[in-house]
Every structure is written in C-alpha cells, then in structure tokens.
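S.K.: One file: input19.pdb (PDB, C-alpha atoms).
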```pdb
MODEL        1
ATOM      1  CA  MET I   1      32.344   7.162 206.649  1.00  0.00           C
ATOM      2  CA  ASN I   2      33.958   7.909 209.979  1.00  0.00           C
ATOM      3  CA  VAL I   3      37.564   9.021 209.624  1.00  0.00           C
ATOM      4  CA  ASP I   4      39.933   8.645 212.546  1.00  0.00           C
ATOM      5  CA  SER I   5      41.349  12.071 213.468  1.00  0.00           C
ATOM      6  CA  ASP I   6      44.898  10.724 213.076  1.00  0.00           C
ATOM      7  CA  ASP I   7      44.013   9.420 209.604  1.00  0.00           C
ATOM      8  CA  VAL I   8      43.752  12.982 208.261  1.00  0.00           C
ATOM      9  CA  LEU I   9      47.469  13.362 208.976  1.00  0.00           C
ATOM     10  CA  ARG I  10      48.543  10.428 206.839  1.00  0.00           C
ATOM     11  CA  LEU I  11      51.019  11.566 204.181  1.00  0.00           C
ATOM     12  CA  ASP I  12      49.129   9.813 201.398  1.00  0.00           C
ATOM     13  CA  ARG I  13      45.983  11.835 202.231  1.00  0.00           C
ATOM     14  CA  GLN I  14      47.708  15.203 201.770  1.00  0.00           C
ATOM     15  CA  ILE I  15      47.054  16.905 198.428  1.00  0.00           C
ATOM     16  CA  CYS I  16      49.968  19.251 199.128  1.00  0.00           C
ATOM     17  CA  PHE I  17      52.300  16.247 199.214  1.00  0.00           C
ATOM     18  CA  ARG I  18      50.944  14.909 195.925  1.00  0.00           C
ATOM     19  CA  LEU I  19      51.514  18.287 194.268  1.00  0.00           C
ATOM     20  CA  TYR I  20      54.978  18.586 195.813  1.00  0.00           C
ATOM     21  CA  ALA I  21      55.945  15.077 194.677  1.00  0.00           C
ATOM     22  CA  ALA I  22      54.630  15.677 191.157  1.00  0.00           C
ATOM     23  CA  SER I  23      56.493  18.978 190.928  1.00  0.00           C
ATOM     24  CA  ASN I  24      59.704  17.427 192.234  1.00  0.00           C
ATOM     25  CA  LEU I  25      59.515  14.499 189.813  1.00  0.00           C
ATOM     26  CA  LEU I  26      58.670  16.781 186.896  1.00  0.00           C
ATOM     27  CA  THR I  27      61.679  18.957 187.705  1.00  0.00           C
ATOM     28  CA  ARG I  28      63.866  15.830 187.724  1.00  0.00           C
ATOM     29  CA  LEU I  29      62.538  14.934 184.272  1.00  0.00           C
ATOM     30  CA  TYR I  30      63.542  18.388 183.000  1.00  0.00           C
ATOM     31  CA  ARG I  31      66.992  18.366 184.637  1.00  0.00           C
ATOM     32  CA  PRO I  32      69.059  16.505 181.985  1.00  0.00           C
ATOM     33  CA  VAL I  33      67.869  18.607 179.035  1.00  0.00           C
ATOM     34  CA  LEU I  34      68.098  21.854 181.003  1.00  0.00           C
ATOM     35  CA  THR I  35      71.609  20.967 182.163  1.00  0.00           C
ATOM     36  CA  GLU I  36      72.609  20.836 178.485  1.00  0.00           C
ATOM     37  CA  LEU I  37      71.317  24.412 178.203  1.00  0.00           C
ATOM     38  CA  GLY I  38      73.122  25.492 181.360  1.00  0.00           C
ATOM     39  CA  LEU I  39      69.853  26.308 183.136  1.00  0.00           C
ATOM     40  CA  THR I  40      68.097  25.262 186.298  1.00  0.00           C
ATOM     41  CA  TYR I  41      64.339  24.779 186.156  1.00  0.00           C
ATOM     42  CA  PRO I  42      63.552  28.159 187.784  1.00  0.00           C
ATOM     43  CA  GLN I  43      65.993  29.876 185.395  1.00  0.00           C
ATOM     44  CA  TYR I  44      64.252  28.141 182.491  1.00  0.00           C
ATOM     45  CA  LEU I  45      60.923  29.578 183.659  1.00  0.00           C
ATOM     46  CA  VAL I  46      62.427  33.084 183.731  1.00  0.00           C
ATOM     47  CA  MET I  47      63.816  32.606 180.241  1.00  0.00           C
ATOM     48  CA  LEU I  48      60.419  31.382 178.985  1.00  0.00           C
ATOM     49  CA  THR I  49      58.782  34.595 180.184  1.00  0.00           C
ATOM     50  CA  LEU I  50      61.493  36.710 178.547  1.00  0.00           C
ATOM     51  CA  TRP I  51      61.330  34.774 175.271  1.00  0.00           C
ATOM     52  CA  GLU I  52      57.640  35.648 175.154  1.00  0.00           C
ATOM     53  CA  SER I  53      58.245  39.333 175.801  1.00  0.00           C
ATOM     54  CA  ALA I  54      61.326  41.356 176.696  1.00  0.00           C
ATOM     55  CA  PRO I  55      62.229  43.600 178.326  1.00  0.00           C
ATOM     56  CA  GLN I  56      60.141  42.966 181.416  1.00  0.00           C
ATOM     57  CA  SER I  57      60.344  44.409 184.887  1.00  0.00           C
ATOM     58  CA  VAL I  58      61.451  42.216 187.768  1.00  0.00           C
ATOM     59  CA  GLY I  59      57.990  42.755 189.262  1.00  0.00           C
ATOM     60  CA  ASP I  60      56.227  41.578 186.104  1.00  0.00           C
ATOM     61  CA  ILE I  61      58.381  38.449 185.910  1.00  0.00           C
ATOM     62  CA  GLY I  62      57.752  37.717 189.582  1.00  0.00           C
ATOM     63  CA  GLU I  63      54.015  38.163 189.141  1.00  0.00           C
ATOM     64  CA  ARG I  64      53.958  35.846 186.158  1.00  0.00           C
ATOM     65  CA  LEU I  65      55.951  33.150 187.974  1.00  0.00           C
ATOM     66  CA  TYR I  66      54.385  33.662 191.426  1.00  0.00           C
ATOM     67  CA  LEU I  67      57.815  34.512 192.860  1.00  0.00           C
ATOM     68  CA  ASP I  68      58.782  37.340 195.186  1.00  0.00           C
ATOM     69  CA  SER I  69      61.731  39.583 194.386  1.00  0.00           C
ATOM     70  CA  GLY I  70      63.825  37.949 197.141  1.00  0.00           C
ATOM     71  CA  THR I  71      63.622  34.651 195.258  1.00  0.00           C
ATOM     72  CA  LEU I  72      63.807  36.156 191.782  1.00  0.00           C
ATOM     73  CA  THR I  73      66.768  38.495 192.252  1.00  0.00           C
ATOM     74  CA  PRO I  74      69.369  35.725 192.834  1.00  0.00           C
ATOM     75  CA  LEU I  75      68.012  33.855 189.789  1.00  0.00           C
ATOM     76  CA  LEU I  76      68.379  36.965 187.654  1.00  0.00           C
ATOM     77  CA  LYS I  77      71.896  37.613 188.978  1.00  0.00           C
ATOM     78  CA  ARG I  78      72.963  34.099 187.964  1.00  0.00           C
ATOM     79  CA  LEU I  79      71.388  34.524 184.509  1.00  0.00           C
ATOM     80  CA  GLU I  80      73.211  37.845 184.166  1.00  0.00           C
ATOM     81  CA  ILE I  81      76.536  36.281 185.184  1.00  0.00           C
ATOM     82  CA  ALA I  82      75.895  33.560 182.581  1.00  0.00           C
ATOM     83  CA  GLY I  83      75.509  36.313 179.977  1.00  0.00           C
ATOM     84  CA  LEU I  84      71.880  35.521 179.156  1.00  0.00           C
ATOM     85  CA  VAL I  85      70.169  38.651 180.512  1.00  0.00           C
ATOM     86  CA  SER I  86      70.995  42.176 181.505  1.00  0.00           C
ATOM     87  CA  ARG I  87      69.334  44.219 184.239  1.00  0.00           C
ATOM     88  CA  GLU I  88      69.016  47.981 184.137  1.00  0.00           C
ATOM     89  CA  ARG I  89      67.051  50.617 185.994  1.00  0.00           C
ATOM     90  CA  ASP I  90      64.042  51.893 184.059  1.00  0.00           C
ATOM     91  CA  THR I  91      64.847  55.446 182.956  1.00  0.00           C
ATOM     92  CA  ALA I  92      61.157  56.356 183.259  1.00  0.00           C
ATOM     93  CA  ASP I  93      60.890  54.974 186.817  1.00  0.00           C
ATOM     94  CA  GLU I  94      64.115  54.417 188.788  1.00  0.00           C
ATOM     95  CA  ARG I  95      62.312  52.073 191.196  1.00  0.00           C
ATOM     96  CA  ARG I  96      61.820  49.499 188.432  1.00  0.00           C
ATOM     97  CA  VAL I  97      64.507  47.169 187.144  1.00  0.00           C
ATOM     98  CA  LEU I  98      64.084  45.984 183.567  1.00  0.00           C
ATOM     99  CA  VAL I  99      65.390  42.611 182.455  1.00  0.00           C
ATOM    100  CA  THR I 100      66.436  42.236 178.836  1.00  0.00           C
ATOM    101  CA  LEU I 101      67.713  39.257 176.891  1.00  0.00           C
ATOM    102  CA  THR I 102      71.275  39.446 175.627  1.00  0.00           C
ATOM    103  CA  LYS I 103      72.263  38.116 172.228  1.00  0.00           C
ATOM    104  CA  ALA I 104      73.233  34.825 173.914  1.00  0.00           C
ATOM    105  CA  GLY I 105      69.895  34.733 175.744  1.00  0.00           C
ATOM    106  CA  ARG I 106      67.992  35.184 172.491  1.00  0.00           C
ATOM    107  CA  ALA I 107      70.122  32.514 170.795  1.00  0.00           C
ATOM    108  CA  LEU I 108      69.439  30.024 173.597  1.00  0.00           C
ATOM    109  CA  LYS I 109      65.753  30.044 172.629  1.00  0.00           C
ATOM    110  CA  GLN I 110      66.541  28.010 169.506  1.00  0.00           C
ATOM    111  CA  GLN I 111      68.289  25.315 171.577  1.00  0.00           C
ATOM    112  CA  ALA I 112      65.451  25.334 174.130  1.00  0.00           C
ATOM    113  CA  LYS I 113      62.892  24.346 171.507  1.00  0.00           C
ATOM    114  CA  LYS I 114      63.798  20.706 172.173  1.00  0.00           C
ATOM    115  CA  VAL I 115      62.752  20.927 175.828  1.00  0.00           C
ATOM    116  CA  PRO I 116      58.968  20.465 175.367  1.00  0.00           C
ATOM    117  CA  SER I 117      59.341  17.443 173.085  1.00  0.00           C
ATOM    118  CA  THR I 118      61.856  15.874 175.468  1.00  0.00           C
ATOM    119  CA  LEU I 119      59.422  16.353 178.323  1.00  0.00           C
ATOM    120  CA  ALA I 120      56.516  14.991 176.270  1.00  0.00           C
ATOM    121  CA  ARG I 121      58.456  11.795 175.564  1.00  0.00           C
ATOM    122  CA  GLY I 122      59.233  11.447 179.260  1.00  0.00           C
ATOM    123  CA  LEU I 123      55.616  11.930 180.321  1.00  0.00           C
ATOM    124  CA  ASN I 124      54.214   9.588 177.681  1.00  0.00           C
ATOM    125  CA  LEU I 125      50.817  11.347 177.735  1.00  0.00           C
ATOM    126  CA  GLN I 126      48.520  11.891 174.785  1.00  0.00           C
ATOM    127  CA  PRO I 127      47.583  15.508 173.872  1.00  0.00           C
ATOM    128  CA  PRO I 128      44.039  15.232 175.311  1.00  0.00           C
ATOM    129  CA  GLN I 129      45.495  13.968 178.593  1.00  0.00           C
ATOM    130  CA  VAL I 130      47.920  16.897 178.684  1.00  0.00           C
ATOM    131  CA  MET I 131      45.087  19.350 178.020  1.00  0.00           C
ATOM    132  CA  ASN I 132      42.965  17.808 180.807  1.00  0.00           C
ATOM    133  CA  LEU I 133      45.883  17.865 183.226  1.00  0.00           C
ATOM    134  CA  ARG I 134      46.655  21.494 182.351  1.00  0.00           C
ATOM    135  CA  LYS I 135      43.011  22.451 182.959  1.00  0.00           C
ATOM    136  CA  THR I 136      42.938  20.673 186.324  1.00  0.00           C
ATOM    137  CA  VAL I 137      46.157  22.343 187.441  1.00  0.00           C
ATOM    138  CA  ASP I 138      44.965  25.749 186.170  1.00  0.00           C
ATOM    139  CA  ASP I 139      41.761  25.301 188.179  1.00  0.00           C
ATOM    140  CA  MET I 140      43.830  24.429 191.263  1.00  0.00           C
ATOM    141  CA  ILE I 141      46.009  27.516 190.778  1.00  0.00           C
ATOM    142  CA  GLY I 142      42.854  29.644 190.532  1.00  0.00           C
ATOM    143  CA  VAL I 143      41.533  28.217 193.801  1.00  0.00           C
ATOM    144  CA  LEU I 144      44.870  28.743 195.525  1.00  0.00           C
ATOM    145  CA  LEU I 145      45.227  32.307 194.238  1.00  0.00           C
ATOM    146  CA  SER I 146      41.804  33.248 195.531  1.00  0.00           C
ATOM    147  CA  SER I 147      42.647  31.656 198.899  1.00  0.00           C
ATOM    148  CA  VAL I 148      45.950  33.484 199.363  1.00  0.00           C
ATOM    149  CA  GLN I 149      44.564  36.818 198.137  1.00  0.00           C
ATOM    150  CA  ASP I 150      41.608  36.848 200.534  1.00  0.00           C
TER     151      ASP I 150
ENDMDL
END
```
Write the structure described by the file as structure tokens, please.

M.R.:
Amino acid sequence: MNVDSDDVLRLDRQICFRLYAASNLLTRLYRPVLTELGLTYPQYLVMLTLWESAPQSVGDIGERLYLDSGTLTPLLKRLEIAGLVSRERDTADERRVLVTLTKAGRALKQQAKKVPSTLARGLNLQPPQVMNLRKTVDDMIGVLLSSVQD
C-alpha cells in the first residue's frame, strides 16, 4: 500500500489524537459526579493516591501520576484550601514536602466510592472489556515510558 505523504498528517490517522479525544471524553463523563464531590479530575487522581497511602511526598505523588511538581503544586494548594489535605516539610528531610489527608479528606473517600460505578454505567462496558482495555492502555503507557526515558 502506497500512502501519500500528506495522508500521514490526517487527524484521523494520529494515535495521539485518539488518545487525547478518549481522555477528554472520559474526563467529561467523570465531571458531573466529581463536581458533586467538589473535585476536578486531576484533584480526584491525587486523592485516589492519598486514599491508598498517606502521607506521601509531593515527589511520590507526581511519580505515580506522571506529573511534575510545577503541575502538582497548584493542585495540592487548591486541595489544601478546600481543607482536604495538608502539606508539611518532612522533619527528616527538609527538601521533601509531605501531603497528608485531613479529616475531611478521609471522609470524602466514602462519598467517592460512587464514582467508579457511575463511570461504569456511563461506559457501558462488560468487565472483560474493561480488563482488555486496561491491559492495552497499560501496554501503551509502558511503551511511552520507555520512549521518554531513553
């Protein structure tokens, strides 16, 4: 098959666009339920990491979410203003900032338990389809990580 050189620049041929569109649409699906919780999607991701394990350093959260501190710091400031987290210097290493859940942040976890089921209803996928999609995306992340780390 001979592909015209201009054809490679068609929007519908770009995998990056497909991933961007899927991410954007998925975020829109989350928006109504997260708005009820008072969270944006990136803030929700931060809270998910802290609900798994807290306290965590800003660096550890950033590594887990693939975010740099310049992106993460404003998110954490807004969560702190909302009363959901607190940030303090690590007494063992002043260079590290530890993020801890407040009482309100821990309590929000109970309300957030409805988020996955709300999303599942919106996606209308069966569990095997979700598992296959997760594996495909995980494989893609692995490829991308090895590409950006080289």

S.K.: Could you list the residues chosen by the PyMOL selection byres ((chain I and resi 71) around 12) in this structure as a list in words?

M.R.: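 When the PyMOL selection byres ((chain I and resi 71) around 12) is applied, the selected residues are Pro42, Gln43, Val46, Val58, Gly59, Ile61, Gly62, Glu63, Leu65, Tyr66, Leu67, Asp68, Ser69, Gly70, Leu72, Thr73, Pro74, Leu75, Leu76, Lys77 and Arg78 of chain I.
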
S.K.: Could you write those residues out with C-alpha atoms, as an mmCIF file, keeping the file's coordinate frame?

M.R.:
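What ended up in selection_21.cif:
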```cif
data_model
loop_
_atom_site.group_PDB
_atom_site.id
_atom_site.type_symbol
_atom_site.label_atom_id
_atom_site.label_comp_id
_atom_site.auth_asym_id
_atom_site.auth_seq_id
_atom_site.Cartn_x
_atom_site.Cartn_y
_atom_site.Cartn_z
ATOM 1 C CA PRO I 42 63.552 28.159 187.784
ATOM 2 C CA GLN I 43 65.993 29.876 185.395
ATOM 3 C CA VAL I 46 62.427 33.084 183.731
ATOM 4 C CA VAL I 58 61.451 42.216 187.768
ATOM 5 C CA GLY I 59 57.990 42.755 189.262
ATOM 6 C CA ILE I 61 58.381 38.449 185.910
ATOM 7 C CA GLY I 62 57.752 37.717 189.582
ATOM 8 C CA GLU I 63 54.015 38.163 189.141
ATOM 9 C CA LEU I 65 55.951 33.150 187.974
ATOM 10 C CA TYR I 66 54.385 33.662 191.426
ATOM 11 C CA LEU I 67 57.815 34.512 192.860
ATOM 12 C CA ASP I 68 58.782 37.340 195.186
ATOM 13 C CA SER I 69 61.731 39.583 194.386
ATOM 14 C CA GLY I 70 63.825 37.949 197.141
ATOM 15 C CA LEU I 72 63.807 36.156 191.782
ATOM 16 C CA THR I 73 66.768 38.495 192.252
ATOM 17 C CA PRO I 74 69.369 35.725 192.834
ATOM 18 C CA LEU I 75 68.012 33.855 189.789
ATOM 19 C CA LEU I 76 68.379 36.965 187.654
ATOM 20 C CA LYS I 77 71.896 37.613 188.978
ATOM 21 C CA ARG I 78 72.963 34.099 187.964
#
```

S.K.: Have a look at I:Leu45, I:Leu84, I:Leu101, I:Val148 and name the one nearest to I:Tyr30; count all atoms listed in the file.

M.R.: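 Smallest separation from I:Tyr30 among the options: I:Leu45.
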
S.K.: Scan for residues within 10 Å of the point (64.5, 49.8, 184.9) in the coordinates of the file, using only C-alpha atoms, and reply as a ChimeraX atom specification.

M.R.: /I:55-58,87-100

S.K.: How about saving the chosen residues, C-alpha atoms kept, as a PDB file, in the coordinates of the input?

M.R.:
```pdb
ATOM      1  CA  PRO I  55      62.229  43.600 178.326  1.00  0.00           C
ATOM      2  CA  GLN I  56      60.141  42.966 181.416  1.00  0.00           C
ATOM      3  CA  SER I  57      60.344  44.409 184.887  1.00  0.00           C
ATOM      4  CA  VAL I  58      61.451  42.216 187.768  1.00  0.00           C
ATOM      5  CA  ARG I  87      69.334  44.219 184.239  1.00  0.00           C
ATOM      6  CA  GLU I  88      69.016  47.981 184.137  1.00  0.00           C
ATOM      7  CA  ARG I  89      67.051  50.617 185.994  1.00  0.00           C
ATOM      8  CA  ASP I  90      64.042  51.893 184.059  1.00  0.00           C
ATOM      9  CA  THR I  91      64.847  55.446 182.956  1.00  0.00           C
ATOM     10  CA  ALA I  92      61.157  56.356 183.259  1.00  0.00           C
ATOM     11  CA  ASP I  93      60.890  54.974 186.817  1.00  0.00           C
ATOM     12  CA  GLU I  94      64.115  54.417 188.788  1.00  0.00           C
ATOM     13  CA  ARG I  95      62.312  52.073 191.196  1.00  0.00           C
ATOM     14  CA  ARG I  96      61.820  49.499 188.432  1.00  0.00           C
ATOM     15  CA  VAL I  97      64.507  47.169 187.144  1.00  0.00           C
ATOM     16  CA  LEU I  98      64.084  45.984 183.567  1.00  0.00           C
ATOM     17  CA  VAL I  99      65.390  42.611 182.455  1.00  0.00           C
ATOM     18  CA  THR I 100      66.436  42.236 178.836  1.00  0.00           C
TER      19      THR I 100
END
```

S.K.: To test the calculation: enclose all listed atoms of stretch 80-88 of chain I in a box whose edges run along x, y and z, add 3 Å on each side, then state centre and edge lengths in Å to one decimal, as JSON.

M.R.:
```
{"center_x": 72.8, "center_y": 40.8, "center_z": 182.2, "size_x": 13.5, "size_y": 20.4, "size_z": 12.0}
```

S.K.: Any chance you could resolve the PyMOL selection byres ((chain I and resi 104-109) around 12) against this file and give the residues as number ranges by chain?

M.R.: I: 34, 36-39, 43-44, 46-55, 79-86, 99-103, 110-115

S.K.: Would you pick out the contacts of stretch 130-140 of chain I at 12 Å or less, using all atoms listed in the file, so that residues sharing its chain but fewer than 4 positions from it are not included, and give the list as a ChimeraX atom specification?

M.R.: /I:15-16,19,22-23,119-120,123-126,144-147

S.K.: Measure the distance from atom CA of I:Thr40 to atom CA of I:Tyr20 in Å and round it to one decimal.

M.R.: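 Straight-line distance from atom CA of I:Thr40 to atom CA of I:Tyr20 works out to 17.5 Å.
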
S.K.: Report the distance between atom CA of I:Thr35 and atom CA of I:Ser117 in Å, rounded to one decimal place.

M.R.: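 According to the coordinates, atom CA of I:Thr35 and atom CA of I:Ser117 are separated by 15.7 Å.
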
S.K.: Distance atom CA of I:Asp60-atom CA of I:Gly142, one decimal place?

M.R.: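 Straight-line distance from atom CA of I:Asp60 to atom CA of I:Gly142 works out to 18.5 Å.
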
S.K.: Out of I:Leu11, I:Arg121, I:Gln129, I:Tyr41, which residue has the shortest atom-to-atom distance to I:Arg28 when counting all atoms listed in the file?

M.R.: I:Tyr41
